[in-house]
Protein chains: 2
Amino acid sequence: MGGLTVMQALAAKLPGERFLYLGDTARLPYGTKSADTVRRYALQAAHALTDHGVKLVVIACNTASVGLPYLQEALAPMPVIGVIEPGAAAALAVAPNGPIGVIATEGTVKGGAYVRAIHAHSTAPVVQQACPLFVPMAEEGLTDGPIAEAVAHRYLDPLMARLPKPKVLVLGCTHYPALKGVITRVVGPEVTLVDSAAITANAVERLLDEKGLRATEKPGEHHFYCTDAPDRFARVGEIFFGNPIDPGAVEQVDLQ
Amino acid sequence: MGGLTVMQALAAKLPGERFLYLGDTARLPYGTKSADTVRRYALQAAHALTDHGVKLVVIACNTASVGLPYLQEALAPMPVIGVIEPGAAAALAVAPNGPIGVIATEGTVKGGAYVRAIHAHSTAPVVQQACPLFVPMAEEGLTDGPIAEAVAHRYLDPLMARLPKPKVLVLGCTHYPALKGVITRVVGPEVTLVDSAAITANAVERLLDEKGLRATEKPGEHHFYCTDAPDRFARVGEIFFGNPIDPGAVEQVDLQ
């Protein structure tokens, strides 16, 4: 569901492009699954999209981005882009010497993809924290108030007590922008939050231009696929997409 | 994972029986999925167990119990038992005229299985509340303290403000017994909590005796199947099973 924040940024940035979105709602969340399972599910999802003739695949999920090299190889020569590299680059632009804080799902933290992406370019110290309750809180709309604040303190205080204090905090899960307000209050306004959605949209724009793939005229309406009930997808999806989702544009597919 | 609370009660009640347990960890949680998807997944899981020659199937999950009639038909003449009917019967034994409170996942509440099971025997009013954060809180071990208490108040206060106040509260999700302490504090000690685990174990014992299927000597060690990483299953599973789980007795299977 959180990938819809990325789709929203992409659609705003690239109004000439038509997007096909797939949300694997029957098997969500990916955040607690093993890397092997996530890679396998991500490839099934990507095939469902390439079967519909897309020209580029965005893995709009931090946890599933663990499968990026695997999907790039399996789908070659199709360009495939994830959210980790753009997020890591944006964090380094703010704080080249760190320390850099990363909050993400259990799967992303364990996989260490942000640590690897940052350390490929810098020796900046990276501190990570898994925030398992943030996804169900965001899906329930529990994004503000005393409970949201208490949970945010539980996860973020230990991260921010580190010396020196991180100057930048990567929101390493596409659900977390829904909690931006409370996260900012807890970490303080001097910490820059990196939200993958906007940054990934920039990276996709650059890649389309590089490959000469950019559309000049929108070839049709966006379309949404999901693997469980379309009505729930449309209803919960609007929280993340920030726009109404026409239930008629949502289609249930089976990935197995 | 919560089904392990039921397995614990079963193993304690029926020390002569050998249990095969399957946790569909790759696709959990079931609580937010549609009834169609849950039925399909539950049947795949049940077939994986019947392929190993079990004599009785327990659906140790409230959400998946929506598939009980479907599984009973598909697996006939194999006896199949769910957790809803025993829970509803226990609630009615405490408060025959209600009102009866039910807390459960979004899927169980929407499916209305408890309401149907109670109203098959009584006109007792039933009030339901979905508690989506309870499952991830239990899996994170966040079962006590100010956050757990605040979340419990959020879900339970509106239910308990009803007049007359429910005399009994069904813990309609196998994860919720992990939060029994905080739930009791919030609803008050005069409200009886119905925990499906022990009640289902009694129902299974009766059914085995009725069918003459009761084992007299344990034919081997329990075995655990899961659909994602066995090490996480063993680690998180111990919270719910209340006993160590030998990682050597956990085997990953593919249900697709």
# chains A, B, ... in the order shown; residues from 1 in each chain; ligands from 1
call {"tool": "closest_atom_pairs", "arguments": {"of": "region 35-147 of chain B", "to": "region 19-24 of chain B", "cutoff": "12 Å", "atoms": "only C-alpha atoms", "output": "JSON lines"}}
result
{"residue": "B:Val38", "atom": "CA", "partner": "B:Asp24", "partner_atom": "CA", "distance": 11.1}
{"residue": "B:Tyr41", "atom": "CA", "partner": "B:Asp24", "partner_atom": "CA", "distance": 8.5}
{"residue": "B:Ala42", "atom": "CA", "partner": "B:Asp24", "partner_atom": "CA", "distance": 8.9}
{"residue": "B:Leu43", "atom": "CA", "partner": "B:Asp24", "partner_atom": "CA", "distance": 11.5}
{"residue": "B:Gln44", "atom": "CA", "partner": "B:Asp24", "partner_atom": "CA", "distance": 9.8}
{"residue": "B:Ala45", "atom": "CA", "partner": "B:Leu22", "partner_atom": "CA", "distance": 7.0}
{"residue": "B:Ala46", "atom": "CA", "partner": "B:Leu22", "partner_atom": "CA", "distance": 8.5}
{"residue": "B:His47", "atom": "CA", "partner": "B:Leu22", "partner_atom": "CA", "distance": 10.6}
{"residue": "B:Ala48", "atom": "CA", "partner": "B:Leu22", "partner_atom": "CA", "distance": 8.2}
{"residue": "B:Leu49", "atom": "CA", "partner": "B:Leu20", "partner_atom": "CA", "distance": 7.2}
{"residue": "B:Thr50", "atom": "CA", "partner": "B:Leu20", "partner_atom": "CA", "distance": 9.9}
{"residue": "B:Asp51", "atom": "CA", "partner": "B:Leu20", "partner_atom": "CA", "distance": 11.2}
{"residue": "B:His52", "atom": "CA", "partner": "B:Leu20", "partner_atom": "CA", "distance": 8.5}
{"residue": "B:Gly53", "atom": "CA", "partner": "B:Leu20", "partner_atom": "CA", "distance": 9.8}
{"residue": "B:Val54", "atom": "CA", "partner": "B:Leu20", "partner_atom": "CA", "distance": 7.8}
{"residue": "B:Lys55", "atom": "CA", "partner": "B:Phe19", "partner_atom": "CA", "distance": 10.1}
{"residue": "B:Leu56", "atom": "CA", "partner": "B:Phe19", "partner_atom": "CA", "distance": 9.9}
{"residue": "B:Val57", "atom": "CA", "partner": "B:Leu20", "partner_atom": "CA", "distance": 9.5}
{"residue": "B:Val58", "atom": "CA", "partner": "B:Tyr21", "partner_atom": "CA", "distance": 9.4}
{"residue": "B:Ile59", "atom": "CA", "partner": "B:Leu22", "partner_atom": "CA", "distance": 10.0}
{"residue": "B:Ala60", "atom": "CA", "partner": "B:Tyr21", "partner_atom": "CA", "distance": 9.4}
{"residue": "B:Cys61", "atom": "CA", "partner": "B:Gly23", "partner_atom": "CA", "distance": 10.0}
{"residue": "B:Ala64", "atom": "CA", "partner": "B:Asp24", "partner_atom": "CA", "distance": 11.2}
call {"tool": "write_last_selection", "arguments": {"atoms": "C-alpha atoms", "output": "PDB file, in the first residue's frame"}}
result
ATOM      1  CA  VAL B  38      -8.341 -16.617   3.483  1.00  0.00           C
ATOM      2  CA  TYR B  41      -4.980 -20.131   1.710  1.00  0.00           C
ATOM      3  CA  ALA B  42      -6.584 -22.165   4.521  1.00  0.00           C
ATOM      4  CA  LEU B  43      -7.416 -24.999   2.150  1.00  0.00           C
ATOM      5  CA  GLN B  44      -3.844 -25.070   0.784  1.00  0.00           C
ATOM      6  CA  ALA B  45      -2.579 -25.230   4.377  1.00  0.00           C
ATOM      7  CA  ALA B  46      -5.027 -27.985   5.336  1.00  0.00           C
ATOM      8  CA  HIS B  47      -4.026 -30.077   2.309  1.00  0.00           C
ATOM      9  CA  ALA B  48      -0.364 -29.794   3.317  1.00  0.00           C
ATOM     10  CA  LEU B  49      -1.338 -31.369   6.657  1.00  0.00           C
ATOM     11  CA  THR B  50      -3.701 -34.034   5.326  1.00  0.00           C
ATOM     12  CA  ASP B  51      -0.934 -35.066   2.892  1.00  0.00           C
ATOM     13  CA  HIS B  52       1.007 -36.059   6.014  1.00  0.00           C
ATOM     14  CA  GLY B  53      -1.786 -38.330   7.200  1.00  0.00           C
ATOM     15  CA  VAL B  54      -3.331 -36.389  10.105  1.00  0.00           C
ATOM     16  CA  LYS B  55      -6.586 -37.698  11.601  1.00  0.00           C
ATOM     17  CA  LEU B  56      -8.170 -34.356  12.539  1.00  0.00           C
ATOM     18  CA  VAL B  57      -7.583 -30.739  11.487  1.00  0.00           C
ATOM     19  CA  VAL B  58      -7.847 -27.781  13.899  1.00  0.00           C
ATOM     20  CA  ILE B  59      -8.103 -24.327  12.319  1.00  0.00           C
ATOM     21  CA  ALA B  60      -6.179 -22.594  15.114  1.00  0.00           C
ATOM     22  CA  CYS B  61      -6.924 -19.091  13.817  1.00  0.00           C
ATOM     23  CA  ALA B  64      -9.205 -18.607   9.002  1.00  0.00           C
TER      24      ALA B  64
END
call {"tool": "interface_residues", "arguments": {"of": "chain A", "to": "chain B", "cutoff": "10 Å", "atoms": "only C-alpha atoms", "output": "JSON, numbers by chain"}}
result
{"A": [25, 26, 27, 28, 29, 30, 32, 33, 34, 35, 36, 37, 38, 41, 131, 132, 133, 134, 135, 136, 137, 139, 140, 142, 146, 147, 148, 149, 150, 151, 154, 227, 228, 229, 230, 232, 256]}
call {"tool": "select_by_dssp", "arguments": {"residues": "region 15-200 of chain B", "states": "strand (DSSP E or B)", "output": "PyMOL selection string"}}
result
chain B and resi 20-23+57-58+80-81+100-104+126-130+168-172+192-195
call {"tool": "write_last_selection", "arguments": {"atoms": "N, CA and C atoms", "output": "short mmCIF file (atom, residue, chain, number, x, y, z; two decimals), in the first residue's frame"}}
result
data_model
loop_
_atom_site.label_atom_id
_atom_site.label_comp_id
_atom_site.auth_asym_id
_atom_site.auth_seq_id
_atom_site.Cartn_x
_atom_site.Cartn_y
_atom_site.Cartn_z
N LEU B 20 1.03 -32.02 14.21
CA LEU B 20 1.74 -31.36 13.12
C LEU B 20 1.16 -29.96 13.03
N TYR B 21 2.00 -28.95 13.12
CA TYR B 21 1.54 -27.56 13.12
C TYR B 21 2.01 -26.89 11.84
N LEU B 22 1.13 -26.16 11.19
CA LEU B 22 1.56 -25.39 10.02
C LEU B 22 1.25 -23.91 10.23
N GLY B 23 2.26 -23.07 10.13
CA GLY B 23 2.09 -21.61 10.21
C GLY B 23 2.44 -21.01 8.86
N VAL B 57 -8.18 -32.05 11.77
CA VAL B 57 -7.58 -30.74 11.49
C VAL B 57 -8.22 -29.68 12.39
N VAL B 58 -7.39 -28.92 13.11
CA VAL B 58 -7.85 -27.78 13.90
C VAL B 58 -7.46 -26.50 13.16
N VAL B 80 -12.96 -31.58 10.96
CA VAL B 80 -12.29 -30.27 10.97
C VAL B 80 -12.98 -29.41 12.03
N ILE B 81 -12.20 -28.77 12.89
CA ILE B 81 -12.77 -27.98 13.97
C ILE B 81 -12.12 -26.59 13.97
N ILE B 100 -22.58 -9.58 24.85
CA ILE B 100 -21.29 -10.25 24.69
C ILE B 100 -20.38 -9.35 23.84
N GLY B 101 -19.20 -9.07 24.34
CA GLY B 101 -18.23 -8.29 23.57
C GLY B 101 -17.30 -9.23 22.82
N VAL B 102 -16.93 -8.86 21.61
CA VAL B 102 -15.99 -9.66 20.82
C VAL B 102 -14.91 -8.72 20.29
N ILE B 103 -13.65 -9.02 20.57
CA ILE B 103 -12.56 -8.27 19.93
C ILE B 103 -11.82 -9.24 19.01
N ALA B 104 -11.46 -8.75 17.83
CA ALA B 104 -10.90 -9.66 16.82
C ALA B 104 -10.19 -8.84 15.74
N VAL B 126 -24.60 -8.72 20.66
CA VAL B 126 -23.15 -8.90 20.49
C VAL B 126 -22.56 -7.57 20.01
N VAL B 127 -21.51 -7.10 20.67
CA VAL B 127 -20.82 -5.89 20.20
C VAL B 127 -19.40 -6.27 19.83
N GLN B 128 -18.94 -5.79 18.68
CA GLN B 128 -17.64 -6.20 18.16
C GLN B 128 -16.70 -5.00 18.01
N GLN B 129 -15.42 -5.26 18.11
CA GLN B 129 -14.42 -4.21 17.88
C GLN B 129 -13.17 -4.83 17.25
N ALA B 130 -12.76 -4.31 16.10
CA ALA B 130 -11.50 -4.74 15.51
C ALA B 130 -10.35 -4.03 16.23
N VAL B 168 -18.91 -10.31 29.35
CA VAL B 168 -17.93 -11.27 28.86
C VAL B 168 -17.29 -10.68 27.60
N LEU B 169 -16.00 -10.93 27.46
CA LEU B 169 -15.30 -10.41 26.29
C LEU B 169 -14.55 -11.58 25.64
N VAL B 170 -14.92 -11.89 24.39
CA VAL B 170 -14.27 -12.97 23.67
C VAL B 170 -12.98 -12.44 23.05
N LEU B 171 -11.85 -13.07 23.38
CA LEU B 171 -10.58 -12.74 22.73
C LEU B 171 -10.59 -13.49 21.40
N GLY B 172 -11.14 -12.83 20.38
CA GLY B 172 -11.43 -13.50 19.11
C GLY B 172 -10.26 -13.53 18.14
N THR B 192 -15.53 -11.27 32.25
CA THR B 192 -14.86 -12.55 32.01
C THR B 192 -14.25 -12.56 30.61
N LEU B 193 -12.98 -12.92 30.53
CA LEU B 193 -12.33 -13.04 29.22
C LEU B 193 -12.42 -14.48 28.73
N VAL B 194 -12.85 -14.66 27.48
CA VAL B 194 -12.90 -15.99 26.89
C VAL B 194 -11.70 -16.16 25.95
N ASP B 195 -10.84 -17.11 26.30
CA ASP B 195 -9.62 -17.37 25.53
C ASP B 195 -9.86 -18.67 24.76
#
call {"tool": "calpha_fit_and_write", "arguments": {"fixed": "chain B", "moving": "chain A", "output": "CSV table (one decimal) with C-alpha atoms, in the first residue's frame"}}
result
chain,number,residue,atom,x,y,z
A,1,MET,CA,1.9,-17.4,14.9
A,2,GLY,CA,-0.9,-17.0,17.4
A,3,GLY,CA,-2.2,-20.5,16.6
A,4,LEU,CA,0.7,-21.7,18.8
A,5,THR,CA,-1.3,-20.6,21.8
A,6,VAL,CA,-4.0,-23.1,20.7
A,7,MET,CA,-1.3,-25.8,20.0
A,8,GLN,CA,0.1,-25.3,23.5
A,9,ALA,CA,-3.3,-25.8,25.1
A,10,LEU,CA,-3.9,-28.9,22.9
A,11,ALA,CA,-0.5,-30.4,23.7
A,12,ALA,CA,-1.1,-29.9,27.4
A,13,LYS,CA,-4.6,-31.3,27.3
A,14,LEU,CA,-3.8,-34.3,25.0
A,15,PRO,CA,-0.3,-35.5,26.0
A,16,GLY,CA,-0.9,-38.8,24.1
A,17,GLU,CA,-1.3,-37.0,20.7
A,18,ARG,CA,1.3,-36.1,18.2
A,19,PHE,CA,0.7,-32.7,16.5
A,20,LEU,CA,1.7,-31.4,13.1
A,21,TYR,CA,1.5,-27.6,13.1
A,22,LEU,CA,1.6,-25.4,10.0
A,23,GLY,CA,2.1,-21.6,10.2
A,24,ASP,CA,1.7,-19.8,6.9
A,25,THR,CA,4.3,-17.3,7.9
A,26,ALA,CA,5.1,-16.1,4.4
A,27,ARG,CA,1.6,-14.8,3.9
A,28,LEU,CA,0.7,-13.8,7.4
A,29,PRO,CA,-1.3,-11.9,8.8
A,30,TYR,CA,-4.6,-13.3,7.6
A,31,GLY,CA,-6.5,-10.6,9.6
A,32,THR,CA,-6.7,-8.0,6.9
A,33,LYS,CA,-7.3,-10.3,4.0
A,34,SER,CA,-10.7,-11.0,2.3
A,35,ALA,CA,-12.7,-14.1,3.1
A,36,ASP,CA,-12.1,-15.5,-0.4
A,37,THR,CA,-8.3,-15.3,-0.1
A,38,VAL,CA,-8.3,-16.6,3.5
A,39,ARG,CA,-10.5,-19.6,2.4
A,40,ARG,CA,-8.1,-20.4,-0.5
A,41,TYR,CA,-5.0,-20.1,1.7
A,42,ALA,CA,-6.6,-22.2,4.5
A,43,LEU,CA,-7.4,-25.0,2.1
A,44,GLN,CA,-3.8,-25.1,0.8
A,45,ALA,CA,-2.6,-25.2,4.4
A,46,ALA,CA,-5.0,-28.0,5.3
A,47,HIS,CA,-4.0,-30.1,2.3
A,48,ALA,CA,-0.3,-29.8,3.3
A,49,LEU,CA,-1.3,-31.4,6.7
A,50,THR,CA,-3.7,-34.0,5.3
A,51,ASP,CA,-0.9,-35.1,2.9
A,52,HIS,CA,1.0,-36.1,6.0
A,53,GLY,CA,-1.8,-38.3,7.2
A,54,VAL,CA,-3.3,-36.4,10.1
A,55,LYS,CA,-6.6,-37.7,11.6
A,56,LEU,CA,-8.2,-34.4,12.5
A,57,VAL,CA,-7.6,-30.7,11.5
A,58,VAL,CA,-7.8,-27.8,13.9
A,59,ILE,CA,-8.1,-24.3,12.3
A,60,ALA,CA,-6.2,-22.6,15.1
A,61,CYS,CA,-6.9,-19.1,13.8
A,62,ASN,CA,-10.1,-17.0,14.2
A,63,THR,CA,-9.8,-15.3,10.8
A,64,ALA,CA,-9.2,-18.6,9.0
A,65,SER,CA,-12.2,-20.2,10.8
A,66,VAL,CA,-14.3,-18.3,8.3
A,67,GLY,CA,-13.3,-21.2,6.0
A,68,LEU,CA,-14.7,-23.9,8.3
A,69,PRO,CA,-17.7,-25.0,6.3
A,70,TYR,CA,-15.7,-24.9,3.1
A,71,LEU,CA,-12.8,-27.0,4.6
A,72,GLN,CA,-15.3,-29.4,6.2
A,73,GLU,CA,-16.8,-30.0,2.8
A,74,ALA,CA,-13.5,-30.2,0.9
A,75,LEU,CA,-11.8,-32.5,3.4
A,76,ALA,CA,-14.8,-34.8,4.3
A,77,PRO,CA,-14.9,-37.2,6.0
A,78,MET,CA,-11.9,-35.8,7.9
A,79,PRO,CA,-13.1,-34.0,11.1
A,80,VAL,CA,-12.3,-30.3,11.0
A,81,ILE,CA,-12.8,-28.0,14.0
A,82,GLY,CA,-12.4,-24.2,14.3
A,83,VAL,CA,-12.0,-21.8,17.3
A,84,ILE,CA,-15.2,-19.8,16.7
A,85,GLU,CA,-17.9,-22.2,17.8
A,86,PRO,CA,-16.2,-23.2,21.1
A,87,GLY,CA,-15.5,-19.5,21.9
A,88,ALA,CA,-19.1,-18.6,21.2
A,89,ALA,CA,-20.4,-21.4,23.3
A,90,ALA,CA,-18.1,-20.4,26.2
A,91,ALA,CA,-19.3,-16.8,26.0
A,92,LEU,CA,-23.0,-17.9,26.1
A,93,ALA,CA,-22.2,-20.1,29.1
A,94,VAL,CA,-21.0,-17.0,31.0
A,95,ALA,CA,-23.7,-14.6,29.8
A,96,PRO,CA,-26.7,-16.4,28.2
A,97,ASN,CA,-28.5,-13.1,27.6
A,98,GLY,CA,-25.5,-11.0,26.8
A,99,PRO,CA,-24.4,-8.5,26.0
A,100,ILE,CA,-21.3,-10.2,24.7
A,101,GLY,CA,-18.2,-8.3,23.6
A,102,VAL,CA,-16.0,-9.7,20.8
A,103,ILE,CA,-12.6,-8.3,19.9
A,104,ALA,CA,-10.9,-9.7,16.8
A,105,THR,CA,-9.1,-8.8,13.6
A,106,GLU,CA,-10.7,-6.7,10.9
A,107,GLY,CA,-11.4,-9.9,8.9
A,108,THR,CA,-13.1,-11.7,11.7
A,109,VAL,CA,-15.2,-8.7,12.7
A,110,LYS,CA,-16.3,-8.0,9.1
A,111,GLY,CA,-17.1,-11.7,8.5
A,112,GLY,CA,-19.4,-11.7,11.5
A,113,ALA,CA,-18.6,-15.4,12.4
A,114,TYR,CA,-19.0,-14.8,16.1
A,115,VAL,CA,-22.3,-13.0,15.7
A,116,ARG,CA,-23.7,-15.8,13.6
A,117,ALA,CA,-22.4,-18.5,16.0
A,118,ILE,CA,-23.9,-16.8,19.0
A,119,HIS,CA,-27.2,-15.9,17.3
A,120,ALA,CA,-27.6,-19.6,16.3
A,121,HIS,CA,-28.3,-20.3,20.0
A,122,SER,CA,-29.4,-17.0,21.6
A,123,THR,CA,-30.7,-13.5,20.9
A,124,ALA,CA,-27.9,-12.1,23.2
A,125,PRO,CA,-26.7,-8.7,21.8
A,126,VAL,CA,-23.2,-8.9,20.5
A,127,VAL,CA,-20.8,-5.9,20.2
A,128,GLN,CA,-17.6,-6.2,18.2
A,129,GLN,CA,-14.4,-4.2,17.9
A,130,ALA,CA,-11.5,-4.7,15.5
A,131,CYS,CA,-8.1,-4.2,17.2
A,132,PRO,CA,-5.6,-4.1,14.3
A,133,LEU,CA,-2.6,-3.1,16.4
A,134,PHE,CA,-2.9,-5.9,18.9
A,135,VAL,CA,-1.3,-8.5,16.6
A,136,PRO,CA,1.9,-6.5,15.7
A,137,MET,CA,2.1,-5.4,19.4
A,138,ALA,CA,2.0,-9.0,20.6
A,139,GLU,CA,4.6,-10.1,17.9
A,140,GLU,CA,6.9,-7.3,19.1
A,141,GLY,CA,6.5,-8.3,22.7
A,142,LEU,CA,4.9,-4.9,23.5
A,143,THR,CA,2.3,-6.5,25.8
A,144,ASP,CA,2.5,-4.1,28.8
A,145,GLY,CA,3.3,-0.6,29.8
A,146,PRO,CA,1.9,2.8,28.8
A,147,ILE,CA,1.7,2.2,25.0
A,148,ALA,CA,-0.1,-1.1,25.4
A,149,GLU,CA,-2.5,0.4,27.9
A,150,ALA,CA,-3.2,3.5,25.7
A,151,VAL,CA,-4.0,1.3,22.6
A,152,ALA,CA,-6.2,-1.0,24.7
A,153,HIS,CA,-8.1,2.0,26.0
A,154,ARG,CA,-8.6,3.2,22.4
A,155,TYR,CA,-10.2,0.0,21.3
A,156,LEU,CA,-11.9,-1.2,24.5
A,157,ASP,CA,-13.4,2.0,26.1
A,158,PRO,CA,-16.1,2.5,23.4
A,159,LEU,CA,-17.0,-1.2,23.7
A,160,MET,CA,-17.2,-1.0,27.5
A,161,ALA,CA,-19.1,2.3,27.5
A,162,ARG,CA,-22.1,0.5,26.1
A,163,LEU,CA,-25.1,0.0,28.4
A,164,PRO,CA,-25.5,-2.5,29.8
A,165,LYS,CA,-21.8,-3.2,29.9
A,166,PRO,CA,-20.7,-6.6,28.4
A,167,LYS,CA,-20.2,-9.2,31.1
A,168,VAL,CA,-17.9,-11.3,28.9
A,169,LEU,CA,-15.3,-10.4,26.3
A,170,VAL,CA,-14.3,-13.0,23.7
A,171,LEU,CA,-10.6,-12.7,22.7
A,172,GLY,CA,-11.4,-13.5,19.1
A,173,CYS,CA,-7.9,-13.7,17.8
A,174,THR,CA,-5.3,-16.2,18.9
A,175,HIS,CA,-2.7,-13.5,19.5
A,176,TYR,CA,-4.7,-11.6,22.1
A,177,PRO,CA,-4.1,-13.9,25.1
A,178,ALA,CA,-0.6,-12.3,25.1
A,179,LEU,CA,-2.3,-9.0,26.1
A,180,LYS,CA,-4.6,-10.6,28.7
A,181,GLY,CA,-3.0,-8.6,31.6
A,182,VAL,CA,-3.5,-5.2,30.0
A,183,ILE,CA,-7.0,-6.1,28.7
A,184,THR,CA,-8.1,-7.1,32.1
A,185,ARG,CA,-6.9,-3.9,33.7
A,186,VAL,CA,-8.7,-1.8,31.1
A,187,VAL,CA,-12.1,-3.6,31.1
A,188,GLY,CA,-12.1,-4.4,34.8
A,189,PRO,CA,-11.9,-7.8,36.6
A,190,GLU,CA,-15.7,-8.2,36.6
A,191,VAL,CA,-15.6,-8.9,32.8
A,192,THR,CA,-14.9,-12.6,32.0
A,193,LEU,CA,-12.3,-13.0,29.2
A,194,VAL,CA,-12.9,-16.0,26.9
A,195,ASP,CA,-9.6,-17.4,25.5
A,196,SER,CA,-10.2,-19.7,22.6
A,197,ALA,CA,-7.1,-21.8,23.2
A,198,ALA,CA,-8.2,-23.8,26.3
A,199,ILE,CA,-11.8,-24.0,25.1
A,200,THR,CA,-10.9,-25.4,21.7
A,201,ALA,CA,-8.6,-28.0,23.4
A,202,ASN,CA,-11.7,-29.2,25.3
A,203,ALA,CA,-13.7,-29.3,22.1
A,204,VAL,CA,-11.0,-31.3,20.3
A,205,GLU,CA,-10.8,-33.8,23.2
A,206,ARG,CA,-14.6,-34.3,23.1
A,207,LEU,CA,-14.5,-34.8,19.3
A,208,LEU,CA,-11.6,-37.3,19.5
A,209,ASP,CA,-13.5,-39.3,22.1
A,210,GLU,CA,-16.8,-39.2,20.1
A,211,LYS,CA,-15.0,-40.5,17.0
A,212,GLY,CA,-12.9,-43.0,18.9
A,213,LEU,CA,-9.8,-41.4,17.5
A,214,ARG,CA,-8.0,-40.7,20.8
A,215,ALA,CA,-4.4,-42.0,20.9
A,216,THR,CA,-3.2,-43.8,24.0
A,217,GLU,CA,0.5,-43.5,23.3
A,218,LYS,CA,2.3,-40.5,21.7
A,219,PRO,CA,3.5,-41.8,18.3
A,220,GLY,CA,6.4,-39.4,17.9
A,221,GLU,CA,7.5,-35.8,18.4
A,222,HIS,CA,5.5,-32.8,17.3
A,223,HIS,CA,6.6,-31.2,14.0
A,224,PHE,CA,6.3,-27.7,12.8
A,225,TYR,CA,5.9,-26.5,9.2
A,226,CYS,CA,6.2,-22.8,8.1
A,227,THR,CA,6.2,-21.1,4.8
A,228,ASP,CA,9.0,-18.6,5.5
A,229,ALA,CA,12.3,-18.7,7.4
A,230,PRO,CA,12.3,-21.4,10.1
A,231,ASP,CA,14.6,-19.5,12.4
A,232,ARG,CA,12.2,-16.6,12.8
A,233,PHE,CA,9.3,-19.0,13.3
A,234,ALA,CA,11.2,-20.8,16.1
A,235,ARG,CA,12.2,-17.4,17.7
A,236,VAL,CA,8.9,-15.5,17.6
A,237,GLY,CA,6.9,-18.8,18.0
A,238,GLU,CA,8.3,-19.3,21.5
A,239,ILE,CA,6.5,-16.2,22.7
A,240,PHE,CA,3.2,-17.8,21.8
A,241,PHE,CA,4.0,-21.5,22.4
A,242,GLY,CA,5.3,-20.7,25.8
A,243,ASN,CA,7.9,-23.4,25.4
A,244,PRO,CA,11.2,-23.7,23.5
A,245,ILE,CA,10.7,-24.8,19.8
A,246,ASP,CA,13.5,-27.0,18.5
A,247,PRO,CA,14.7,-25.4,15.2
A,248,GLY,CA,15.4,-28.9,14.0
A,249,ALA,CA,11.7,-29.7,14.3
A,250,VAL,CA,10.7,-26.7,12.0
A,251,GLU,CA,10.6,-27.3,8.3
A,252,GLN,CA,9.9,-24.8,5.5
A,253,VAL,CA,7.3,-25.8,2.9
A,254,ASP,CA,5.8,-24.1,-0.1
A,255,LEU,CA,2.0,-24.0,-0.3
A,256,GLN,CA,1.8,-22.8,-3.9
call {"tool": "select_by_dssp", "arguments": {"residues": "region 19-135 of chain A", "states": "alpha helix (DSSP H)", "output": "MDAnalysis selection string"}}
result
chainID A and resid 35:50 68:75 84:94 106:111 113:119 134:135
